[in-house]
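Engineer: Once you've had a glance at the structure underneath, I'll fire off some questions.
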Amino acid sequence: MSAAPDRQLGGVSDDTAALLSVRRLVVRYSDDVATRPGPGRRGARGVTAVRSVNLDVEPGRIHALVGESGSGKTSLARAILRLLPVESGQLLFRGQDLLRMNAGQLRRARRHIQAVFQDPQASLSPRRSVLQTLREPLDHFRLGPAAGRAERAMAALEAVGLDTELRYRYPHELSGGQRQRVALARALVSEPELIVADEPVSSLDASAQARIIDLIRELRETRGLAFLFVSHDLSVVQRLADSVSVMYLGELVETAPAAELFARPAHPYTRALLASVPVPDPGHPPPVALIGEPSSALTPPTGCVFHMRCPERIEPCATRAPGETCPRGAGTHHRVKCHLWNN
Amino acid sequence: MSAAARVPDEAGTGAPLLSVRDLALHIPVPPHVLRAVDGVSFDLRRGETLGLVGESGSGKTLTALMLMRLLEPPLDALPRGQVVLDGIDLMTLDEARMSALRGRTVSMVFQEPLTALDPVFRAGQQLASVLRRHLRCGRTEARAASLDMLRRVGIADPERVLDSYPHELSGGMRQRVIIATAMACRPRVLIADEPTTALDVTTQAQVLAQLTALTRESGTAILLITHDLGLVAQYSDRALVMRRGRIVEDTLVGELFRKPGHPYTAELLATAVGLARPPAGRDAAGPTP
C-alpha cells in the first residue's frame, strides 16, 4: 500500500507475474493518408495513435481497454498482435519481447496469443466451412497428429457451445452470434494463453451479447485464459472485466481493478464517461453531457490530453503533462494520470 | 427529459396526435407469408416521447418506414391499416401530399448518418434544401436559418460544417446535421430510429441533450426507436415493446421497469446491459484538498 508511485511502469501490477507487459509502447502512423493536407492538418507530420503506454495482463484475468472511437485502443490491440508496426517500446510476453523476435520465434509465440475481432462476417473466410476454419490453426502450428485435428477442432466447437452438426456450414449460413462463436473457437483451438478481443460483442444483439459474455467468463474459469478485451461499452466491461484501463487520445489515463474503477473513478474523463451512460432505471439521474469534442490526434494539446474538456482543470493542466500516481486512499493497483492527484 | 417535465397534451384536446391502427406488412415469400409487422396499434400524444423497443428483426424499423411511407417497391404496395396524423390518414394520401408532409410535419432521423446524407452535396446544401422547399424561403434566408439550426444543435463553427462534405465530418457532427435538418421545420412528429447507436457514449449524451431541448421548444412528439433500455428509461415517457411484428406491451416507462406485464419484457429487462451500479458522484471520488 505504501509503495511509491512508479512513473515508468504502469498497468495493474509492477511485479513480473504478468503474462503480457506492454512498456512505453508508441504507435505512429506516418503514411501519406494521415499526413495528407486537409482542413486543420497543414504542417502535421504523422499521427501518434498510442503514446508511451504501459499495461499488464495477468494470467487468467480479463483486462479491459475502454475508450471512444479514435482513442487509439484498436491501434494498441493491433500493435500487441504485431499487426501494426511499432515505433518504440516493449511488448513482453512471458518476459520475452515480441518486438525483438525473429520470424520463427514470433510464429511460435503467436500460437499463444490469438485474436477475435469485431465483425465475424469479415474475419471468417466466406469460402471455408466451420471445420476448415477451425482446422487451419492446428495445421499451421502443426499441433498434434494430423489424424486427430478434426476431433480437436470439434472439441473447440463444443467448447463455445455450438453443435458439431454445424461443422459443414459456411459463415453465411450462421447467425451473427454463431459466427462470433466460431471466431472464438478458432482463437481457442491452438490452446493460447491470451486472447486479444477487439469489440467482440459490439455487432451482436443484447441476448447474443449476453451469451458471448458468459462464454468468455467461463473460458477464463475453466481454462485459465487471459483476455485483453477492447470495448467502448462500459456496461459490458463492468460485467466482464477484472481490471480496466481507460484510454483517451492515445494515453491510458486511468487503470484500476474493475470494481474500484466503477465505484471510485479518479480521472475526470473516466467520471464523465460513466456519467454519460444512460442507466436502464427511470429513477436514476439522466446522463450528463461532457462539453466539446475530443482534440484531433493530429494536433494533440500540450499538457494533459484531456485538459481542454476537463471540468476540473487546474493551473498546470494546460502546460504540463501529469505523471502517473495512485489516487489517495486507493491501492497501488489503481493508477491515474491527473494533476488533481499529483501533489 | 423526465416524464414529469413533459406536457403530454399541450393542445388540450383528447385526440392523439398520431394514431396507428392494425398496421400490417405481410410479405409473401412463397410458399409462406412473412408477417413482418402484424397488427400494430398505438397512439402518440402531443409533445410526448414514446420509446419503441425490441431486438433486431422485431419490425421496429419497418413500422417507422410505413409511418413515413418510405417503403420501396415492391413492398410499398403491401402495408395495411390506418395511420392518422392530426386527422389525416397517411395511408391513403397521394404521394405529392405525403411528400409535402415529410420533413415538415413528420420527420425522421436514421441510425447511420453517413448513408442518410448524400455524399456529393455539402451538408449546408442538404439542410438549406429542406428549408427552401418547405418554407419557400430564398437562398440567403435559408443559409441564415441553417446556421441558426446548426448552432442550436451545439455546433460551435456552423460556417465550416455547412460548407463541408459529409465525409469531412465526424459521426457526431453528421448526426447533428441530420437532427438539425429533421427539426428545421419544427415538425409535429419526429421518428428517431436508433439515432445515437453509431455514436460514442459521450457524444450520445450531447446529441440527446440537444435533441431534447429542440423538441421541447417546438412541442414535437418523438417516436424513439431503440434497442437500448437505458435510453428508454432516461428519455421516454411511455414505451412500446415489440416482438415478431407485434406490440406486446404498451405502458408508462415507470411501470415497464417496475412490473413488466409481458414475459418477453421481463426477459428483455433481464438481459439489459446497463451499468449495474450508479457511477459514484464527484464528491465520492474527488481528491480531498
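Following the order of the C-alpha cells, chains are lettered A, B, ..., residues in each are numbered from 1, and ligands are numbered from 1.
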Considering only C-alpha atoms, tabulate each residue of chain A that lies at most 9 Å from chain B along with its nearest interatomic pair and the corresponding distance in Å to one decimal; arrange the rows by chain and ascending residue number and present them as a Markdown table.
Structural biologist:
| residue | atom | partner | partner_atom | distance |
| --- | --- | --- | --- | --- |
| A:Pro39 | CA | B:Glu168 | CA | 8.7 |
| A:Glu68 | CA | B:Asp200 | CA | 5.9 |
| A:Ser69 | CA | B:Asp200 | CA | 6.9 |
| A:Asp205 | CA | B:Glu55 | CA | 6.7 |
| A:Ala206 | CA | B:Thr271 | CA | 6.5 |
| A:Ser207 | CA | B:Thr271 | CA | 6.2 |
| A:Gln209 | CA | B:Thr271 | CA | 8.9 |
| A:Ala210 | CA | B:Thr271 | CA | 6.7 |
| A:His232 | CA | B:Asp200 | CA | 7.5 |
| A:Asp233 | CA | B:Val201 | CA | 8.2 |
| A:Leu234 | CA | B:Leu275 | CA | 7.2 |
| A:Ser235 | CA | B:Leu275 | CA | 4.7 |
| A:Val236 | CA | B:Val273 | CA | 6.7 |
| A:Gln238 | CA | B:Leu275 | CA | 6.9 |
| A:Arg239 | CA | B:Ala276 | CA | 8.1 |
| A:Phe262 | CA | B:Pro279 | CA | 6.2 |
| A:Ala263 | CA | B:Ala280 | CA | 5.6 |
| A:Arg264 | CA | B:Ala285 | CA | 5.2 |
| A:Pro265 | CA | B:Ala285 | CA | 6.3 |
| A:Ala266 | CA | B:Ala285 | CA | 6.1 |
| A:His267 | CA | B:Gly286 | CA | 8.8 |
| A:Pro268 | CA | B:Arg282 | CA | 8.8 |
| A:Arg271 | CA | B:Pro279 | CA | 7.6 |
| A:Ala272 | CA | B:Thr202 | CA | 7.7 |
| A:Leu273 | CA | B:Thr202 | CA | 6.3 |
| A:Leu274 | CA | B:Pro279 | CA | 6.0 |
| A:Ala275 | CA | B:Pro279 | CA | 6.5 |
| A:Ser276 | CA | B:Thr202 | CA | 5.5 |
| A:Val277 | CA | B:Val201 | CA | 6.2 |
| A:Pro278 | CA | B:Gly230 | CA | 4.7 |
| A:Val279 | CA | B:Gly230 | CA | 4.7 |
| A:Pro280 | CA | B:Gly230 | CA | 3.7 |
| A:Asp281 | CA | B:Ala233 | CA | 5.5 |
| A:Pro282 | CA | B:Ala233 | CA | 4.5 |
| A:Gly283 | CA | B:Gly254 | CA | 8.1 |
| A:His284 | CA | B:Pro278 | CA | 7.7 |
| A:Pro285 | CA | B:Gln234 | CA | 7.9 |
| A:Pro286 | CA | B:Gln234 | CA | 5.7 |
| A:Pro287 | CA | B:Ala205 | CA | 6.1 |
| A:Val288 | CA | B:Ala205 | CA | 6.5 |
| A:Ala289 | CA | B:Ala205 | CA | 4.9 |
| A:Leu290 | CA | B:Thr202 | CA | 6.3 |
| A:Ile291 | CA | B:Gln206 | CA | 7.6 |
| A:Gly292 | CA | B:Ala156 | CA | 8.9 |
| A:Glu293 | CA | B:Thr203 | CA | 8.1 |
| A:Pro327 | CA | B:Pro287 | CA | 7.6 |
| A:Arg328 | CA | B:Pro287 | CA | 7.0 |
| A:Leu340 | CA | B:Pro287 | CA | 6.7 |
| A:Trp341 | CA | B:Pro287 | CA | 6.5 |
Engineer: Mind writing the picked residues with N, CA and C atoms as a compact mmCIF listing (two decimals), in the first residue's frame?
Structural biologist:
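Below you can see part30.txt, which holds the result:
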# COMPACT_ATOMS: atom_id res chain seq x y z
N PRO A 39 -8.25 20.14 -44.00
CA PRO A 39 -8.60 21.20 -43.05
C PRO A 39 -7.91 20.98 -41.70
N GLU A 68 -13.18 5.84 -26.44
CA GLU A 68 -14.11 6.15 -27.51
C GLU A 68 -13.41 6.01 -28.85
N SER A 69 -14.18 6.14 -29.93
CA SER A 69 -13.56 5.98 -31.24
C SER A 69 -12.46 7.03 -31.40
N ASP A 205 -26.73 -8.59 -31.01
CA ASP A 205 -27.93 -8.26 -30.25
C ASP A 205 -27.72 -8.48 -28.76
N ALA A 206 -28.55 -7.86 -27.93
CA ALA A 206 -28.39 -7.96 -26.48
C ALA A 206 -28.32 -9.41 -25.99
N SER A 207 -29.19 -10.28 -26.50
CA SER A 207 -29.20 -11.64 -25.97
C SER A 207 -27.96 -12.42 -26.44
N GLN A 209 -25.15 -11.03 -27.18
CA GLN A 209 -24.08 -10.40 -26.41
C GLN A 209 -23.93 -11.05 -25.04
N ALA A 210 -25.06 -11.22 -24.36
CA ALA A 210 -25.04 -11.79 -23.02
C ALA A 210 -24.46 -13.20 -23.05
N HIS A 232 -15.89 -0.28 -26.31
CA HIS A 232 -16.33 1.08 -26.00
C HIS A 232 -17.52 1.02 -25.04
N ASP A 233 -18.00 -0.20 -24.75
CA ASP A 233 -19.24 -0.35 -24.00
C ASP A 233 -18.97 -0.61 -22.52
N LEU A 234 -19.17 0.42 -21.71
CA LEU A 234 -18.83 0.33 -20.29
C LEU A 234 -19.66 -0.70 -19.55
N SER A 235 -20.90 -0.90 -19.96
CA SER A 235 -21.74 -1.85 -19.22
C SER A 235 -21.26 -3.28 -19.47
N VAL A 236 -20.81 -3.57 -20.69
CA VAL A 236 -20.24 -4.88 -20.98
C VAL A 236 -18.96 -5.08 -20.16
N GLN A 238 -18.12 -3.67 -17.38
CA GLN A 238 -18.40 -3.83 -15.96
C GLN A 238 -18.78 -5.26 -15.61
N ARG A 239 -19.49 -5.91 -16.54
CA ARG A 239 -19.94 -7.27 -16.25
C ARG A 239 -18.85 -8.31 -16.41
N PHE A 262 -15.30 1.44 -11.31
CA PHE A 262 -16.71 1.82 -11.44
C PHE A 262 -17.24 2.48 -10.17
N ALA A 263 -16.70 2.09 -9.00
CA ALA A 263 -17.20 2.66 -7.75
C ALA A 263 -16.53 4.00 -7.45
N ARG A 264 -15.22 4.10 -7.72
CA ARG A 264 -14.49 5.31 -7.37
C ARG A 264 -13.59 5.75 -8.51
N PRO A 265 -14.21 6.18 -9.63
CA PRO A 265 -13.38 6.64 -10.75
C PRO A 265 -12.60 7.87 -10.33
N ALA A 266 -11.31 7.92 -10.67
CA ALA A 266 -10.48 9.02 -10.18
C ALA A 266 -10.24 10.08 -11.24
N HIS A 267 -10.13 9.68 -12.51
CA HIS A 267 -9.83 10.65 -13.55
C HIS A 267 -11.11 11.35 -14.00
N PRO A 268 -11.06 12.67 -14.17
CA PRO A 268 -12.28 13.39 -14.61
C PRO A 268 -12.85 12.82 -15.91
N ARG A 271 -14.84 9.72 -15.03
CA ARG A 271 -16.10 10.11 -14.39
C ARG A 271 -17.10 10.60 -15.43
N ALA A 272 -16.61 11.39 -16.39
CA ALA A 272 -17.51 11.91 -17.43
C ALA A 272 -18.05 10.77 -18.28
N LEU A 273 -17.18 9.82 -18.56
CA LEU A 273 -17.58 8.67 -19.38
C LEU A 273 -18.69 7.89 -18.67
N LEU A 274 -18.51 7.63 -17.39
CA LEU A 274 -19.52 6.88 -16.64
C LEU A 274 -20.82 7.67 -16.51
N ALA A 275 -20.68 8.98 -16.35
CA ALA A 275 -21.89 9.81 -16.15
C ALA A 275 -22.70 9.94 -17.44
N SER A 276 -22.10 9.63 -18.59
CA SER A 276 -22.85 9.81 -19.84
C SER A 276 -23.59 8.54 -20.26
N VAL A 277 -23.46 7.46 -19.50
CA VAL A 277 -24.16 6.22 -19.84
C VAL A 277 -25.61 6.30 -19.34
N PRO A 278 -26.60 6.07 -20.23
CA PRO A 278 -27.98 6.07 -19.76
C PRO A 278 -28.28 4.78 -19.00
N VAL A 279 -28.68 4.91 -17.75
CA VAL A 279 -28.91 3.75 -16.90
C VAL A 279 -30.34 3.24 -17.08
N PRO A 280 -30.54 1.94 -17.29
CA PRO A 280 -31.91 1.42 -17.51
C PRO A 280 -32.71 1.38 -16.21
N ASP A 281 -32.94 2.54 -15.65
CA ASP A 281 -33.73 2.68 -14.43
C ASP A 281 -34.27 4.11 -14.43
N PRO A 282 -35.60 4.25 -14.60
CA PRO A 282 -36.16 5.61 -14.73
C PRO A 282 -35.90 6.47 -13.50
N GLY A 283 -35.58 5.86 -12.35
CA GLY A 283 -35.34 6.62 -11.15
C GLY A 283 -33.94 7.20 -11.07
N HIS A 284 -33.07 6.75 -11.97
CA HIS A 284 -31.68 7.19 -11.95
C HIS A 284 -31.55 8.56 -12.62
N PRO A 285 -30.65 9.42 -12.13
CA PRO A 285 -30.49 10.71 -12.79
C PRO A 285 -30.07 10.54 -14.26
N PRO A 286 -30.52 11.46 -15.11
CA PRO A 286 -30.23 11.34 -16.55
C PRO A 286 -28.75 11.55 -16.85
N PRO A 287 -28.31 11.09 -18.03
CA PRO A 287 -26.91 11.26 -18.40
C PRO A 287 -26.48 12.72 -18.40
N VAL A 288 -25.23 12.95 -18.08
CA VAL A 288 -24.66 14.29 -18.08
C VAL A 288 -23.73 14.39 -19.29
N ALA A 289 -23.93 15.43 -20.09
CA ALA A 289 -23.12 15.57 -21.30
C ALA A 289 -21.82 16.30 -21.00
N LEU A 290 -20.74 15.76 -21.56
CA LEU A 290 -19.43 16.39 -21.49
C LEU A 290 -19.42 17.50 -22.54
N ILE A 291 -18.68 18.58 -22.30
CA ILE A 291 -18.66 19.64 -23.31
C ILE A 291 -17.53 19.40 -24.32
N GLY A 292 -17.73 19.91 -25.53
CA GLY A 292 -16.69 19.90 -26.55
C GLY A 292 -16.50 18.55 -27.21
N GLU A 293 -15.55 18.54 -28.13
CA GLU A 293 -15.22 17.33 -28.87
C GLU A 293 -13.78 16.96 -28.53
N PRO A 327 -4.37 7.31 -6.77
CA PRO A 327 -5.27 8.23 -6.10
C PRO A 327 -5.21 8.01 -4.59
N ARG A 328 -5.37 9.08 -3.84
CA ARG A 328 -5.31 8.97 -2.38
C ARG A 328 -6.36 7.98 -1.90
N LEU A 340 -4.81 16.54 -10.45
CA LEU A 340 -5.60 16.64 -9.22
C LEU A 340 -5.04 15.73 -8.13
N TRP A 341 -4.40 14.67 -8.56
CA TRP A 341 -3.89 13.68 -7.61
C TRP A 341 -2.38 13.80 -7.42
Engineer: Which polymer residues have any atom within 8 Å of an atom of Pro316 of chain A, counting only C-alpha atoms, with same-chain residues fewer than 2 positions away left out, as a ChimeraX atom specification?
Structural biologist: /A:303,314,318-320,339
Engineer: Step one, run DSSP on the backbone; step two, keep only residues of segment 174-253 of chain B assigned to helix (DSSP H, G or I); then write them as a ChimeraX atom specification.
Structural biologist: /B:174-183,201-218,229-235,253
Engineer: Export C-alpha atoms of the chosen residues as an mmCIF file, in the first residue's frame?
Structural biologist:
data_model
loop_
_atom_site.group_PDB
_atom_site.id
_atom_site.type_symbol
_atom_site.label_atom_id
_atom_site.label_comp_id
_atom_site.auth_asym_id
_atom_site.auth_seq_id
_atom_site.Cartn_x
_atom_site.Cartn_y
_atom_site.Cartn_z
ATOM 1 C CA ARG B 174 -23.093 14.287 -39.145
ATOM 2 C CA GLN B 175 -25.842 13.196 -36.811
ATOM 3 C CA ARG B 176 -26.170 16.766 -35.531
ATOM 4 C CA VAL B 177 -26.612 17.931 -39.129
ATOM 5 C CA ILE B 178 -29.294 15.268 -39.651
ATOM 6 C CA ILE B 179 -31.117 16.328 -36.498
ATOM 7 C CA ALA B 180 -30.898 19.978 -37.497
ATOM 8 C CA THR B 181 -32.369 19.043 -40.889
ATOM 9 C CA ALA B 182 -35.156 16.956 -39.360
ATOM 10 C CA MET B 183 -36.054 19.667 -36.859
ATOM 11 C CA VAL B 201 -21.478 7.418 -25.335
ATOM 12 C CA THR B 202 -20.268 10.948 -24.547
ATOM 13 C CA THR B 203 -21.396 12.135 -27.992
ATOM 14 C CA GLN B 204 -24.712 10.352 -27.472
ATOM 15 C CA ALA B 205 -25.284 12.295 -24.238
ATOM 16 C CA GLN B 206 -24.523 15.579 -26.032
ATOM 17 C CA VAL B 207 -26.695 14.853 -29.064
ATOM 18 C CA LEU B 208 -29.669 13.705 -26.987
ATOM 19 C CA ALA B 209 -29.430 16.765 -24.720
ATOM 20 C CA GLN B 210 -29.625 18.992 -27.807
ATOM 21 C CA LEU B 211 -32.409 16.958 -29.399
ATOM 22 C CA THR B 212 -34.413 17.115 -26.179
ATOM 23 C CA ALA B 213 -34.039 20.886 -25.929
ATOM 24 C CA LEU B 214 -35.122 21.370 -29.558
ATOM 25 C CA THR B 215 -38.165 19.105 -29.415
ATOM 26 C CA ARG B 216 -39.326 20.565 -26.125
ATOM 27 C CA GLU B 217 -39.125 24.055 -27.573
ATOM 28 C CA SER B 218 -41.200 23.151 -30.625
ATOM 29 C CA LEU B 229 -33.411 0.124 -22.453
ATOM 30 C CA GLY B 230 -31.190 2.767 -20.875
ATOM 31 C CA LEU B 231 -32.356 5.268 -23.484
ATOM 32 C CA VAL B 232 -35.979 4.272 -22.919
ATOM 33 C CA ALA B 233 -35.618 4.709 -19.152
ATOM 34 C CA GLN B 234 -33.894 8.060 -19.420
ATOM 35 C CA TYR B 235 -35.571 9.734 -22.391
ATOM 36 C CA VAL B 253 -41.879 3.854 -18.558
#
Engineer: If I take atom CA of Pro113 of chain B and atom CA of Glu141 of chain B, how far is one from the other in Å, to one decimal?
Structural biologist: 25.4 Å
Engineer: Of the candidates B:Pro260, B:Pro158, B:Pro16, B:Pro187, which shows the shortest atom-to-atom distance to Leu85 of chain B, using only C-alpha atoms?
Structural biologist: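 Checking each of B:Pro260, B:Pro158, B:Pro16, B:Pro187 against Leu85 of chain B, counting only C-alpha atoms, the winner is B:Pro16.
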Engineer: Just the residues within 12 Å of segment 104-107 of chain A, please, counting only C-alpha atoms, with nothing from its chain fewer than 3 positions along; format it as a PyMOL selection string.
Structural biologist: chain A and resi 80-83+91+93+96-101+110-114+137+140-142
Engineer: Restrict the selected residues to C-alpha atoms and save them as a PDB file, in the first residue's frame.
Structural biologist:
ATOM      1  CA  ILE A  80       0.189  -6.112 -29.495  1.00  0.00           C
ATOM      2  CA  LEU A  81      -0.838  -8.648 -32.141  1.00  0.00           C
ATOM      3  CA  ARG A  82       2.055  -7.361 -34.275  1.00  0.00           C
ATOM      4  CA  LEU A  83      -0.397  -6.410 -36.989  1.00  0.00           C
ATOM      5  CA  LEU A  91       5.885  -5.986 -25.755  1.00  0.00           C
ATOM      6  CA  PHE A  93       5.046 -11.843 -23.415  1.00  0.00           C
ATOM      7  CA  GLN A  96      10.181 -12.214 -23.988  1.00  0.00           C
ATOM      8  CA  ASP A  97       9.961  -9.108 -26.166  1.00  0.00           C
ATOM      9  CA  LEU A  98       7.692  -9.807 -29.138  1.00  0.00           C
ATOM     10  CA  LEU A  99       9.284  -6.864 -30.922  1.00  0.00           C
ATOM     11  CA  ARG A 100      12.743  -8.456 -30.881  1.00  0.00           C
ATOM     12  CA  MET A 101      11.776 -11.917 -32.057  1.00  0.00           C
ATOM     13  CA  ARG A 110       1.575 -16.472 -31.892  1.00  0.00           C
ATOM     14  CA  ARG A 111       0.140 -19.829 -31.039  1.00  0.00           C
ATOM     15  CA  HIS A 112      -0.231 -18.479 -27.514  1.00  0.00           C
ATOM     16  CA  ILE A 113      -1.689 -15.092 -28.455  1.00  0.00           C
ATOM     17  CA  GLN A 114      -4.842 -15.308 -30.512  1.00  0.00           C
ATOM     18  CA  PRO A 137      -4.566 -23.053 -36.847  1.00  0.00           C
ATOM     19  CA  HIS A 140      -0.468 -24.050 -39.367  1.00  0.00           C
ATOM     20  CA  PHE A 141       1.139 -24.655 -35.961  1.00  0.00           C
ATOM     21  CA  ARG A 142       1.411 -28.416 -36.643  1.00  0.00           C
TER      22      ARG A 142
END
Engineer: Just to confirm, what's the straight-line distance from atom CA of Gly39 of chain B to atom CA of Thr197 of chain B in Å (one decimal)?
Structural biologist: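 About the pair atom CA of Gly39 of chain B and atom CA of Thr197 of chain B: they are 27.1 Å apart.
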Engineer: I'd like the neighbourhood of Val237 of chain A as a list in words, where a residue qualifies if any of its atoms comes within 9 Å (using only C-alpha atoms), though same-chain residues fewer than 5 positions away should be ignored.
Structural biologist: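 Using only C-alpha atoms, the neighbours found are Ala64, Leu65, Val66, Phe229, Val230, Ser231, His232, Asp242, Val244 and Ala258 of chain A.
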Engineer: Would you mind exporting N, CA and C atoms of the selected residues as a JSON list (two decimals), in the first residue's frame?
Structural biologist:
[["chain", "number", "residue", "atom", "x", "y", "z"],
["A", 64, "ALA", "N", -9.74, -5.09, -19.43],
["A", 64, "ALA", "CA", -10.49, -4.37, -20.45],
["A", 64, "ALA", "C", -9.79, -3.07, -20.80],
["A", 65, "LEU", "N", -9.89, -2.72, -22.06],
["A", 65, "LEU", "CA", -9.35, -1.46, -22.54],
["A", 65, "LEU", "C", -10.53, -0.68, -23.09],
["A", 66, "VAL", "N", -10.91, 0.41, -22.41],
["A", 66, "VAL", "CA", -12.07, 1.16, -22.88],
["A", 66, "VAL", "C", -11.64, 2.53, -23.38],
["A", 229, "PHE", "N", -9.52, -7.27, -23.47],
["A", 229, "PHE", "CA", -10.85, -7.10, -24.01],
["A", 229, "PHE", "C", -11.07, -5.63, -24.35],
["A", 230, "VAL", "N", -11.06, -5.32, -25.65],
["A", 230, "VAL", "CA", -11.19, -3.93, -26.08],
["A", 230, "VAL", "C", -12.66, -3.62, -26.33],
["A", 231, "SER", "N", -13.16, -2.55, -25.71],
["A", 231, "SER", "CA", -14.57, -2.25, -25.87],
["A", 231, "SER", "C", -14.86, -0.79, -25.62],
["A", 232, "HIS", "N", -15.89, -0.28, -26.31],
["A", 232, "HIS", "CA", -16.33, 1.08, -26.00],
["A", 232, "HIS", "C", -17.52, 1.02, -25.04],
["A", 242, "ASP", "N", -11.85, -7.96, -14.97],
["A", 242, "ASP", "CA", -11.22, -7.96, -13.65],
["A", 242, "ASP", "C", -10.55, -6.63, -13.40],
["A", 244, "VAL", "N", -9.42, -2.68, -15.57],
["A", 244, "VAL", "CA", -9.78, -1.82, -16.69],
["A", 244, "VAL", "C", -8.74, -0.72, -16.88],
["A", 258, "ALA", "N", -11.56, -3.52, -11.73],
["A", 258, "ALA", "CA", -12.84, -3.08, -12.30],
["A", 258, "ALA", "C", -13.80, -2.53, -11.26]]
Engineer: Which of segment 82-291 of chain A counts as strand (DSSP E or B) under DSSP, as a PyMOL selection string please?
Structural biologist: chain A and resi 88-93+96-97+113-116+194-198+226-231+243-248+251-257
Engineer: For a quick check of understanding, using only C-alpha atoms, which of B:Val109, B:Ala144, B:Ala266, B:Met98 has the smallest distance to Pro195 of chain B?
Structural biologist: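 Answer, going by the shortest atom-to-atom distance: B:Val109.
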Engineer: Nearest to Asp119 of chain A among A:Ala197, A:Ala226, A:Val189, A:Leu19, with distances taken over only C-alpha atoms: which residue is it?
Structural biologist: A:Ala197
Engineer: Hey, can you check how far atom CA of Thr222 of chain A sits from atom CA of Val22 of chain A?
Structural biologist: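 Distance reported for this atom pair: 25.9 Å.
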Engineer: Please provide as a list in words all residues within 8 Å of Ile191 of chain B, with the sequence filter that same-chain residues fewer than 4 positions apart are discarded (counting only C-alpha atoms).
Structural biologist: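 Final neighbour list, sorted by chain and number: Ala64, Val106, Ser107, Met108, Val109, Ile222, Leu223, Leu224 and Ile225 of chain B.
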Engineer: Env of Leu240 of chain B: 7 Å cut, atoms = only C-alpha atoms, seq-sep filter 2 positions within chain, self excluded. Answer as a PyMOL selection string.
Structural biologist: chain B and resi 51-53+242+247+249-251
Engineer: Would you list the contacts of Gly224 of chain A as a list of chain:residue names, taking every protein, DNA or RNA residue within 9 Å and counting only C-alpha atoms, but skipping same-chain residues closer than 3 positions in sequence?
Structural biologist: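 Selected residues are A:Pro59, A:Gly60, A:Arg61, A:Glu193, A:Leu219, A:Arg220, A:Glu221.
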Engineer: With only C-alpha atoms as the atoms that count, which of B:Gly103, B:Gly47, B:Gly81, B:Gly245 lies nearest to Arg21 of chain B?
Structural biologist: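 Closest residue, counting only C-alpha atoms: B:Gly81.
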